[in-house]
>>> print(open('input-v9.cif').read())   # mmCIF, C-alpha atoms
data_run
#
loop_
_atom_site.label_atom_id
_atom_site.label_comp_id
_atom_site.auth_asym_id
_atom_site.auth_seq_id
_atom_site.Cartn_x
_atom_site.Cartn_y
_atom_site.Cartn_z
CA ARG A 1 -8.55 49.97 -76.43
CA VAL A 2 -10.47 47.93 -73.84
CA GLY A 3 -13.13 50.62 -73.71
CA GLU A 4 -13.61 50.41 -77.46
CA THR A 5 -13.92 46.61 -77.30
CA VAL A 6 -16.49 46.82 -74.50
CA ARG A 7 -18.52 49.39 -76.47
CA GLU A 8 -18.49 47.14 -79.54
CA LEU A 9 -19.58 44.14 -77.49
CA ARG A 10 -22.37 46.12 -75.80
CA ALA A 11 -23.70 47.06 -79.23
CA ILE A 12 -24.20 43.42 -80.22
CA CYS A 13 -24.76 41.64 -76.88
CA ASP A 14 -27.45 41.85 -74.22
CA VAL A 15 -24.94 41.28 -71.42
CA VAL A 16 -21.16 41.69 -71.33
CA ILE A 17 -19.30 40.07 -68.45
CA ALA A 18 -15.59 40.55 -67.78
CA HIS A 19 -13.49 38.48 -65.42
CA VAL A 20 -10.60 40.50 -64.02
CA ALA A 21 -7.88 40.01 -61.46
CA PRO A 22 -8.84 40.40 -57.80
CA ALA A 23 -9.40 43.99 -56.73
CA SER A 24 -6.94 43.54 -53.88
CA ARG A 25 -4.09 42.60 -56.24
CA ASN A 26 -4.22 45.31 -58.88
CA ALA A 27 -6.21 48.26 -60.14
CA ASP A 28 -7.70 46.60 -63.25
CA ALA A 29 -11.04 45.98 -61.58
CA GLN A 30 -11.44 49.61 -60.55
CA SER A 31 -10.27 51.00 -63.88
CA LEU A 32 -12.61 48.75 -65.87
CA ALA A 33 -15.67 48.99 -63.59
CA PRO A 34 -16.95 52.30 -65.04
CA LEU A 35 -17.20 50.63 -68.47
CA PHE A 36 -19.85 48.22 -67.21
CA ASP A 37 -23.32 48.50 -65.68
CA GLY A 38 -22.16 46.94 -62.43
CA VAL A 39 -19.81 44.74 -60.47
CA VAL A 40 -20.30 41.32 -58.92
CA LEU A 41 -17.80 40.72 -56.13
CA VAL A 42 -16.42 37.19 -55.89
CA ALA A 43 -14.91 36.16 -52.57
CA SER A 44 -13.25 32.93 -51.54
CA GLU A 45 -14.84 31.42 -48.45
CA ARG A 46 -11.47 30.43 -47.01
CA GLU A 47 -9.12 33.06 -48.38
CA THR A 48 -10.94 36.41 -48.60
CA THR A 49 -11.15 38.41 -45.41
CA THR A 50 -13.99 40.75 -44.50
CA ASP A 51 -11.44 43.58 -44.52
CA GLU A 52 -10.57 42.76 -48.15
CA VAL A 53 -14.25 42.78 -49.12
CA ALA A 54 -14.78 46.11 -47.35
CA GLU A 55 -11.72 47.56 -49.09
CA ALA A 56 -12.95 46.39 -52.50
CA ILE A 57 -16.37 47.95 -51.87
CA GLU A 58 -14.69 51.21 -50.91
CA GLN A 59 -12.46 51.15 -54.00
CA PHE A 60 -15.44 50.57 -56.28
CA ALA A 61 -17.32 53.42 -54.59
CA HIS A 62 -14.44 55.76 -55.51
CA VAL A 63 -15.04 55.04 -59.20
CA SER A 64 -18.86 55.15 -58.82
CA ALA A 65 -19.22 51.48 -59.71
CA LYS A 66 -22.56 49.92 -58.88
CA ILE A 67 -22.19 46.71 -56.88
CA LEU A 68 -24.84 44.30 -58.10
CA GLY A 69 -24.12 41.53 -55.64
CA ALA A 70 -21.58 39.07 -54.36
CA VAL A 71 -20.70 35.41 -54.79
CA VAL A 72 -18.87 33.38 -52.17
CA VAL A 73 -16.99 30.45 -53.66
CA ARG A 74 -15.74 27.43 -51.83
CA ARG A 75 -12.40 26.10 -52.91
CA ARG A 76 -12.58 22.42 -53.61
CA THR A 77 -10.38 20.26 -51.47
CA ARG A 78 -8.83 16.99 -52.55
CA GLU A 79 -11.36 15.22 -50.34
CA SER A 80 -14.32 16.98 -51.96
CA ARG A 81 -13.19 15.74 -55.39
CA ASP A 82 -13.17 12.14 -54.17
CA PRO A 83 -16.42 10.44 -55.33
CA LYS A 84 -16.72 8.45 -52.10
CA HIS A 85 -17.11 11.78 -50.23
CA ALA A 86 -19.77 13.12 -52.62
CA VAL A 87 -22.88 14.66 -51.09
CA ALA A 88 -26.13 14.67 -53.01
CA SER A 89 -27.73 18.08 -53.34
#
>>> encode(input="input-v9.cif", output="structure tokens")
Amino acid sequence: RVGETVRELRAICDVVIAHVAPASRNADAQSLAPLFDGVVLVASERETTTDEVAEAIEQFAHVSAKILGAVVVRRRTRESRDPKHAVAS
């Protein structure tokens, strides 16, 4: 069913992006990866280990998924949400 939905979306959209549960927590990412042109890994700066990233890369290789890139996200702390601690970019 998901495959059919992805095919329908690809027929009418230039780009189809799916957000799935972390690769380390279940197999959804690996089972869905072949339906798409590639994978963008998202890692938490404070929570994701290099071993977890390496394992995800290996799992995607097993299903011949093309890794397009990676994004490292920083989890916002209570202090970073406080306007008096804001940093201009």
>>> resolve_selection(input="input-v9.cif", expression="the PyMOL selection byres ((chain A and resi 63) around 9)", output="list of chain:residue names")
A:Gln30, A:Ser31, A:Ala33, A:Pro34, A:Gln59, A:Phe60, A:Ala61, A:His62, A:Ser64, A:Ala65
>>> closest_residue(input="input-v9.cif", among="A:Leu32, A:Asp37, A:Glu45, A:Glu58", to="Arg1 in chain A", atoms="all atoms listed in the file")
A:Leu32
>>> resolve_selection(input="input-v9.cif", expression="the PyMOL selection byres ((chain A and resi 21) around 12)", output="ChimeraX atom specification")
/A:18-20,22-32,41-43
>>> resolve_selection(input="input-v9.cif", expression="the PyMOL selection byres ((chain A and resi 3-8) around 10)", output="list in words")
Arg1, Val2, Leu9, Arg10, Ala11, Ile12, Cys13, Val16, Ile17, Ala18, Leu32, Pro34, Leu35 and Phe36 of chain A
>>> atom_distance(input="input-v9.cif", atom1="CA of Thr49 in chain A", atom2="CA of Leu68 in chain A")
19.6 Å
>>> atom_distance(input="input-v9.cif", atom1="CA of Val40 in chain A", atom2="CA of Val72 in chain A")
10.5 Å
>>> closest_residue(input="input-v9.cif", among="A:Glu47, A:Glu55, A:Gly38, A:Asp14", to="Arg74 in chain A", atoms="only C-alpha atoms")
A:Glu47
